[in-house]
$ cat entry.txt   # compact mmCIF, N, CA and C atoms
# COMPACT_ATOMS: atom_id res chain seq x y z
N HIS A 9 90.97 61.20 43.45
CA HIS A 9 92.02 60.69 42.60
C HIS A 9 91.57 60.78 41.15
N SER A 10 92.41 61.35 40.35
CA SER A 10 92.07 61.55 38.95
C SER A 10 93.16 60.96 38.04
N THR A 11 92.73 60.06 37.18
CA THR A 11 93.68 59.39 36.29
C THR A 11 94.46 60.38 35.45
N TRP A 12 93.79 61.38 34.91
CA TRP A 12 94.47 62.31 34.01
C TRP A 12 95.62 63.02 34.70
N ASN A 13 95.55 63.17 36.01
CA ASN A 13 96.56 63.91 36.73
C ASN A 13 97.81 63.10 37.05
N PHE A 14 97.70 61.79 37.14
CA PHE A 14 98.87 61.00 37.55
C PHE A 14 99.25 59.87 36.60
N GLU A 15 98.42 59.59 35.59
CA GLU A 15 98.66 58.44 34.72
C GLU A 15 100.04 58.46 34.08
N ASN A 16 100.41 59.60 33.49
CA ASN A 16 101.71 59.65 32.81
C ASN A 16 102.87 59.47 33.79
N LYS A 17 102.71 59.94 35.00
CA LYS A 17 103.76 59.78 36.02
C LYS A 17 103.91 58.31 36.40
N MET A 18 102.78 57.61 36.53
CA MET A 18 102.81 56.19 36.84
C MET A 18 103.54 55.41 35.73
N PHE A 19 103.19 55.74 34.47
CA PHE A 19 103.85 55.07 33.35
C PHE A 19 105.36 55.34 33.36
N LEU A 20 105.75 56.57 33.67
CA LEU A 20 107.17 56.90 33.68
C LEU A 20 107.90 56.16 34.81
N LEU A 21 107.27 56.08 35.96
CA LEU A 21 107.88 55.31 37.06
C LEU A 21 108.00 53.83 36.70
N GLU A 22 106.98 53.29 36.06
CA GLU A 22 107.05 51.89 35.61
C GLU A 22 108.16 51.69 34.59
N ALA A 23 108.32 52.66 33.68
CA ALA A 23 109.39 52.58 32.68
C ALA A 23 110.75 52.53 33.36
N GLU A 24 110.95 53.41 34.32
CA GLU A 24 112.23 53.46 35.02
C GLU A 24 112.45 52.16 35.82
N LYS A 25 111.40 51.66 36.40
CA LYS A 25 111.50 50.39 37.14
C LYS A 25 111.88 49.24 36.20
N MET A 26 111.21 49.14 35.06
CA MET A 26 111.50 48.07 34.10
C MET A 26 112.92 48.21 33.57
N TYR A 27 113.35 49.45 33.33
CA TYR A 27 114.72 49.70 32.89
C TYR A 27 115.71 49.17 33.94
N ALA A 28 115.46 49.51 35.19
CA ALA A 28 116.36 49.09 36.28
C ALA A 28 116.39 47.57 36.42
N LEU A 29 115.26 46.92 36.13
CA LEU A 29 115.17 45.46 36.23
C LEU A 29 115.68 44.75 34.97
N GLY A 30 116.02 45.52 33.95
CA GLY A 30 116.53 44.93 32.71
C GLY A 30 115.46 44.44 31.76
N ASP A 31 114.22 44.81 32.00
CA ASP A 31 113.11 44.42 31.12
C ASP A 31 112.91 45.55 30.11
N PHE A 32 113.79 45.58 29.11
CA PHE A 32 113.86 46.73 28.20
C PHE A 32 112.66 46.86 27.28
N GLY A 33 112.05 45.77 26.90
CA GLY A 33 110.86 45.83 26.06
C GLY A 33 109.71 46.52 26.76
N ARG A 34 109.49 46.13 28.00
CA ARG A 34 108.41 46.77 28.78
C ARG A 34 108.78 48.20 29.13
N ALA A 35 110.05 48.47 29.38
CA ALA A 35 110.47 49.84 29.68
C ALA A 35 110.14 50.75 28.50
N ASP A 36 110.50 50.32 27.29
CA ASP A 36 110.22 51.09 26.08
C ASP A 36 108.73 51.40 25.97
N SER A 37 107.91 50.39 26.17
CA SER A 37 106.45 50.55 26.09
C SER A 37 105.94 51.55 27.12
N PHE A 38 106.41 51.45 28.35
CA PHE A 38 105.96 52.36 29.40
C PHE A 38 106.42 53.80 29.14
N TYR A 39 107.65 53.96 28.62
CA TYR A 39 108.10 55.32 28.27
C TYR A 39 107.14 55.93 27.24
N GLN A 40 106.81 55.15 26.22
CA GLN A 40 105.92 55.66 25.18
C GLN A 40 104.53 55.97 25.73
N GLN A 41 104.03 55.10 26.59
CA GLN A 41 102.72 55.36 27.19
C GLN A 41 102.75 56.64 28.03
N SER A 42 103.86 56.89 28.70
CA SER A 42 103.99 58.10 29.49
C SER A 42 103.93 59.34 28.60
N ILE A 43 104.64 59.28 27.48
CA ILE A 43 104.63 60.41 26.54
C ILE A 43 103.23 60.64 25.99
N ILE A 44 102.57 59.57 25.60
CA ILE A 44 101.22 59.67 25.04
C ILE A 44 100.26 60.26 26.07
N SER A 45 100.33 59.77 27.30
CA SER A 45 99.44 60.26 28.35
C SER A 45 99.72 61.73 28.66
N ALA A 46 100.98 62.10 28.78
CA ALA A 46 101.32 63.50 29.06
C ALA A 46 100.83 64.41 27.93
N HIS A 47 101.00 63.95 26.70
CA HIS A 47 100.53 64.72 25.54
C HIS A 47 99.01 64.85 25.57
N LYS A 48 98.35 63.75 25.81
CA LYS A 48 96.88 63.73 25.83
C LYS A 48 96.31 64.67 26.88
N HIS A 49 96.96 64.74 28.03
CA HIS A 49 96.47 65.55 29.13
C HIS A 49 97.15 66.92 29.20
N ARG A 50 97.93 67.23 28.18
CA ARG A 50 98.56 68.54 28.01
C ARG A 50 99.55 68.92 29.12
N PHE A 51 100.28 67.91 29.59
CA PHE A 51 101.38 68.16 30.53
C PHE A 51 102.67 68.25 29.71
N ILE A 52 102.86 69.38 29.05
CA ILE A 52 103.96 69.54 28.10
C ILE A 52 105.32 69.32 28.76
N HIS A 53 105.47 69.76 30.00
CA HIS A 53 106.75 69.60 30.69
C HIS A 53 107.03 68.12 30.99
N GLU A 54 106.00 67.36 31.31
CA GLU A 54 106.20 65.95 31.59
C GLU A 54 106.35 65.14 30.30
N GLU A 55 105.74 65.62 29.23
CA GLU A 55 105.98 65.03 27.90
C GLU A 55 107.44 65.22 27.52
N ALA A 56 107.98 66.40 27.84
CA ALA A 56 109.39 66.68 27.55
C ALA A 56 110.30 65.76 28.34
N ILE A 57 110.03 65.60 29.62
CA ILE A 57 110.87 64.75 30.48
C ILE A 57 110.84 63.30 29.99
N ALA A 58 109.64 62.78 29.73
CA ALA A 58 109.53 61.39 29.27
C ALA A 58 110.20 61.20 27.92
N SER A 59 110.08 62.18 27.02
CA SER A 59 110.73 62.10 25.71
C SER A 59 112.24 62.11 25.86
N ASP A 60 112.75 62.95 26.75
CA ASP A 60 114.18 63.02 27.02
C ASP A 60 114.68 61.68 27.55
N LEU A 61 113.97 61.11 28.50
CA LEU A 61 114.37 59.83 29.08
C LEU A 61 114.29 58.69 28.07
N LEU A 62 113.25 58.68 27.25
CA LEU A 62 113.16 57.65 26.21
C LEU A 62 114.27 57.84 25.18
N GLY A 63 114.60 59.07 24.86
CA GLY A 63 115.73 59.33 23.95
C GLY A 63 117.02 58.74 24.50
N GLU A 64 117.27 58.95 25.78
CA GLU A 64 118.47 58.41 26.43
C GLU A 64 118.44 56.88 26.43
N PHE A 65 117.29 56.32 26.76
CA PHE A 65 117.11 54.87 26.76
C PHE A 65 117.42 54.29 25.37
N LEU A 66 116.86 54.90 24.33
CA LEU A 66 117.07 54.40 22.97
C LEU A 66 118.52 54.57 22.53
N PHE A 67 119.15 55.66 22.94
CA PHE A 67 120.57 55.86 22.62
C PHE A 67 121.40 54.75 23.25
N GLU A 68 121.12 54.44 24.51
CA GLU A 68 121.85 53.36 25.19
C GLU A 68 121.57 52.00 24.56
N ARG A 69 120.39 51.82 23.97
CA ARG A 69 120.02 50.57 23.34
C ARG A 69 120.47 50.53 21.88
N ARG A 70 121.29 51.48 21.47
CA ARG A 70 121.86 51.55 20.12
C ARG A 70 120.80 51.72 19.03
N ARG A 71 119.88 52.65 19.29
CA ARG A 71 118.86 53.00 18.31
C ARG A 71 118.94 54.52 18.09
N PRO A 72 120.03 54.96 17.46
CA PRO A 72 120.31 56.40 17.39
C PRO A 72 119.28 57.23 16.63
N GLU A 73 118.72 56.71 15.55
CA GLU A 73 117.76 57.52 14.79
C GLU A 73 116.52 57.83 15.60
N LYS A 74 115.99 56.82 16.28
CA LYS A 74 114.82 57.07 17.12
C LYS A 74 115.18 57.95 18.31
N SER A 75 116.37 57.75 18.87
CA SER A 75 116.75 58.56 20.02
C SER A 75 116.85 60.04 19.62
N LYS A 76 117.42 60.32 18.44
CA LYS A 76 117.49 61.72 17.98
C LYS A 76 116.11 62.33 17.85
N SER A 77 115.18 61.55 17.34
CA SER A 77 113.81 62.01 17.17
C SER A 77 113.19 62.37 18.53
N LEU A 78 113.40 61.52 19.52
CA LEU A 78 112.85 61.78 20.85
C LEU A 78 113.53 62.96 21.52
N TYR A 79 114.85 63.05 21.37
CA TYR A 79 115.55 64.21 21.94
C TYR A 79 115.02 65.50 21.32
N LEU A 80 114.87 65.53 20.02
CA LEU A 80 114.37 66.73 19.36
C LEU A 80 112.97 67.07 19.85
N HIS A 81 112.14 66.04 20.00
CA HIS A 81 110.79 66.28 20.51
C HIS A 81 110.85 66.85 21.93
N SER A 82 111.72 66.32 22.77
CA SER A 82 111.82 66.84 24.14
C SER A 82 112.28 68.29 24.12
N ILE A 83 113.22 68.63 23.28
CA ILE A 83 113.69 70.01 23.17
C ILE A 83 112.53 70.93 22.78
N GLN A 84 111.75 70.50 21.80
CA GLN A 84 110.61 71.30 21.36
C GLN A 84 109.59 71.47 22.48
N CYS A 85 109.33 70.43 23.23
CA CYS A 85 108.39 70.52 24.36
C CYS A 85 108.93 71.46 25.43
N TYR A 86 110.22 71.33 25.78
CA TYR A 86 110.80 72.23 26.77
C TYR A 86 110.68 73.68 26.31
N GLU A 87 110.97 73.93 25.03
CA GLU A 87 110.88 75.30 24.51
C GLU A 87 109.44 75.80 24.55
N LYS A 88 108.50 74.96 24.17
CA LYS A 88 107.09 75.34 24.20
C LYS A 88 106.65 75.69 25.62
N TRP A 89 107.19 74.98 26.59
CA TRP A 89 106.86 75.21 27.99
C TRP A 89 107.58 76.45 28.53
N GLY A 90 108.63 76.89 27.84
CA GLY A 90 109.40 78.05 28.28
C GLY A 90 110.65 77.70 29.06
N ALA A 91 111.02 76.45 29.09
CA ALA A 91 112.22 76.00 29.81
C ALA A 91 113.40 75.98 28.85
N PHE A 92 113.81 77.17 28.43
CA PHE A 92 114.85 77.30 27.40
C PHE A 92 116.21 76.80 27.87
N ALA A 93 116.53 77.00 29.14
CA ALA A 93 117.82 76.53 29.66
C ALA A 93 117.87 75.00 29.65
N VAL A 94 116.78 74.36 29.98
CA VAL A 94 116.74 72.89 29.97
C VAL A 94 116.83 72.40 28.52
N ALA A 95 116.12 73.07 27.62
CA ALA A 95 116.20 72.70 26.20
C ALA A 95 117.64 72.79 25.70
N ARG A 96 118.38 73.83 26.09
CA ARG A 96 119.78 73.98 25.67
C ARG A 96 120.64 72.88 26.28
N ARG A 97 120.36 72.51 27.53
CA ARG A 97 121.13 71.42 28.17
C ARG A 97 120.96 70.12 27.39
N VAL A 98 119.72 69.81 27.02
CA VAL A 98 119.46 68.59 26.25
C VAL A 98 120.14 68.69 24.89
N GLU A 99 120.03 69.84 24.25
CA GLU A 99 120.65 70.03 22.94
C GLU A 99 122.17 69.84 23.01
N GLU A 100 122.80 70.39 24.03
CA GLU A 100 124.25 70.23 24.19
C GLU A 100 124.62 68.76 24.43
N SER A 101 123.81 68.08 25.20
CA SER A 101 124.04 66.66 25.46
C SER A 101 123.94 65.86 24.16
N VAL A 102 122.94 66.16 23.37
CA VAL A 102 122.74 65.45 22.10
C VAL A 102 123.89 65.75 21.14
N GLN A 103 124.32 67.00 21.09
CA GLN A 103 125.44 67.36 20.22
C GLN A 103 126.70 66.60 20.60
N SER A 104 126.91 66.41 21.89
CA SER A 104 128.11 65.67 22.31
C SER A 104 128.01 64.18 21.96
N LYS A 105 126.78 63.66 21.87
CA LYS A 105 126.59 62.25 21.54
C LYS A 105 126.71 62.00 20.04
N PHE A 106 126.22 62.92 19.24
CA PHE A 106 126.16 62.71 17.80
C PHE A 106 127.18 63.59 17.07
N SER A 107 126.84 64.83 16.86
CA SER A 107 127.75 65.78 16.23
C SER A 107 127.08 67.14 16.25
N SER A 108 127.80 68.14 15.81
CA SER A 108 127.23 69.48 15.85
C SER A 108 126.07 69.64 14.87
N ASP A 109 126.00 68.80 13.84
CA ASP A 109 124.90 68.91 12.88
C ASP A 109 123.89 67.78 13.06
N TRP A 110 123.66 67.37 14.29
CA TRP A 110 122.79 66.24 14.59
C TRP A 110 121.37 66.41 14.07
N ARG A 111 120.89 67.64 13.96
CA ARG A 111 119.52 67.86 13.46
C ARG A 111 119.39 67.45 12.00
N GLN A 112 120.48 67.47 11.24
CA GLN A 112 120.43 67.08 9.84
C GLN A 112 120.71 65.59 9.62
N LEU A 113 120.97 64.86 10.66
CA LEU A 113 121.38 63.46 10.52
C LEU A 113 120.23 62.47 10.64
N GLY A 114 119.04 62.91 10.58
CA GLY A 114 117.90 62.03 10.78
C GLY A 114 116.88 62.80 11.57
N GLY A 115 116.50 62.28 12.69
CA GLY A 115 115.59 63.02 13.54
C GLY A 115 114.41 63.59 12.79
N CYS A 116 113.51 64.19 13.48
CA CYS A 116 112.36 64.83 12.86
C CYS A 116 111.83 65.87 13.81
N SER A 117 110.99 66.73 13.30
CA SER A 117 110.49 67.80 14.15
C SER A 117 109.37 67.35 15.05
N ASP A 118 108.71 66.25 14.72
CA ASP A 118 107.62 65.77 15.57
C ASP A 118 107.66 64.26 15.62
N VAL A 119 108.06 63.73 16.76
CA VAL A 119 108.24 62.29 16.90
C VAL A 119 106.96 61.53 16.60
N PHE A 120 105.82 62.13 16.79
CA PHE A 120 104.57 61.43 16.63
C PHE A 120 104.09 61.36 15.19
N THR A 121 104.70 62.09 14.29
CA THR A 121 104.34 61.98 12.88
C THR A 121 105.45 61.31 12.10
N SER A 122 106.48 60.92 12.79
CA SER A 122 107.66 60.34 12.16
C SER A 122 107.51 58.84 11.92
N ASP A 123 108.06 58.38 10.83
CA ASP A 123 108.13 56.93 10.60
C ASP A 123 109.02 56.27 11.64
N LEU A 124 109.89 57.05 12.28
CA LEU A 124 110.80 56.50 13.28
C LEU A 124 110.07 56.06 14.54
N ALA A 125 108.86 56.55 14.74
CA ALA A 125 108.14 56.26 15.98
C ALA A 125 107.11 55.14 15.83
N THR A 126 107.16 54.39 14.75
CA THR A 126 106.10 53.41 14.51
C THR A 126 106.38 52.03 15.11
N ASP A 127 107.55 51.80 15.65
CA ASP A 127 107.85 50.47 16.18
C ASP A 127 106.78 49.98 17.15
N ASN A 128 106.32 50.81 18.04
CA ASN A 128 105.30 50.41 19.01
C ASN A 128 104.00 51.18 18.79
N ASP A 129 103.76 51.62 17.56
CA ASP A 129 102.54 52.32 17.18
C ASP A 129 102.30 53.59 17.99
N CYS A 130 103.36 54.21 18.48
CA CYS A 130 103.22 55.43 19.27
C CYS A 130 102.52 56.51 18.46
N SER A 131 102.93 56.70 17.23
CA SER A 131 102.33 57.77 16.43
C SER A 131 100.87 57.48 16.13
N LYS A 132 100.54 56.22 15.84
CA LYS A 132 99.14 55.86 15.56
C LYS A 132 98.25 56.14 16.76
N LYS A 133 98.72 55.79 17.92
CA LYS A 133 97.94 56.00 19.13
C LYS A 133 97.64 57.47 19.34
N LEU A 134 98.66 58.31 19.14
CA LEU A 134 98.44 59.74 19.32
C LEU A 134 97.50 60.31 18.28
N HIS A 135 97.70 59.93 17.03
CA HIS A 135 96.85 60.47 15.97
C HIS A 135 95.42 60.01 16.14
N ASN A 136 95.20 58.76 16.51
CA ASN A 136 93.84 58.27 16.75
C ASN A 136 93.21 58.98 17.93
N ARG A 137 93.99 59.23 18.98
CA ARG A 137 93.49 59.92 20.16
C ARG A 137 93.13 61.36 19.81
N ASP A 138 93.95 62.02 18.97
CA ASP A 138 93.68 63.40 18.60
C ASP A 138 92.40 63.53 17.78
N LYS A 139 92.01 62.47 17.04
CA LYS A 139 90.81 62.52 16.22
C LYS A 139 89.54 62.36 17.04
N SER A 140 89.66 61.75 18.22
CA SER A 140 88.46 61.51 19.04
C SER A 140 88.13 62.67 19.94
$ encode --input "entry.txt" --output "structure tokens"
Amino acid sequence: HSTWNFENKMFLLEAEKMYALGDFGRADSFYQQSIISAHKHRFIHEEAIASDLLGEFLFERRRPEKSKSLYLHSIQCYEKWGAFAVARRVEESVQSKFSSDWRQLGGCSDVFTSDLATDNDCSKKLHNRDKS
């Protein structure tokens, strides 16, 4: 059993569980931990999935600026992984939620360097991890 291989999946399952139970604060934290773990262990496709799900979660919680940032990050991860059809599906979904020029309405190219991602120190955790 290797932590690096399943940690992000465990965090994502916990996030979905907390979401289903209505514990939105813990759900948010677990989604972010899943993204950080997937990024740290270079599971780009799972980073994309967790970012997409956190984007949807934040959109439902009426936090559109952060949700746009996460959606954009998920699209970039999907594209980096080569899942262009999935990236287009997410992009179309986001366009229907916001507008055709959603990329100019906020968002950022990298959720982890964005001021939008600092609520739970997600960006700090990633940057500190990248330095070690």
$ closest_residue --input "entry.txt" --among "A:Arg70, A:Tyr27, A:Asn16, A:Gly90" --to "His47 (chain A)" --atoms "only N, CA and C atoms"
A:Asn16
$ atom_distance --input "entry.txt" --atom1 "atom C of Glu68 (chain A)" --atom2 "atom N of Phe92 (chain A)"
26.6 Å
$ atom_distance --input "entry.txt" --atom1 "CA of Tyr86 (chain A)" --atom2 "CA of His53 (chain A)"
6.2 Å
$ residues_around --input "entry.txt" --residues "Ser59 (chain A)" --least-positions-apart "5" --cutoff "7 Å" --atoms "all atoms listed in the file" --output "list in words"
Tyr39, Ser42, Ile43, Glu54, Glu64, Leu78, Tyr79, His81 and Ser82 of chain A
$ residues_near_point --input "entry.txt" --point "(110.9, 57.7, 27.6)" --cutoff "7 Å" --atoms "all atoms listed in the file" --output "list of chain:residue names"
A:Asp36, A:Phe38, A:Tyr39, A:Gln40, A:Ile43, A:Ile57, A:Ala58, A:Ser59, A:Asp60, A:Leu61, A:Leu62, A:Gly63, A:Glu64, A:Phe65
$ atom_distance --input "entry.txt" --atom1 "atom C of Leu66 (chain A)" --atom2 "CA of Phe51 (chain A)"
23.3 Å
$ residues_near_point --input "entry.txt" --point "(109.8, 50.8, 34.1)" --cutoff "5 Å" --atoms "all atoms listed in the file" --output "VMD selection string"
chain A and resid 21 to 27 35
$ axis_aligned_box --input "entry.txt" --around "region 66-80 of chain A" --padding-each-side "6 Å" --output "JSON"
{"center_x": 117.4, "center_y": 58.8, "center_z": 20.0, "size_x": 21.0, "size_y": 28.5, "size_z": 22.4}
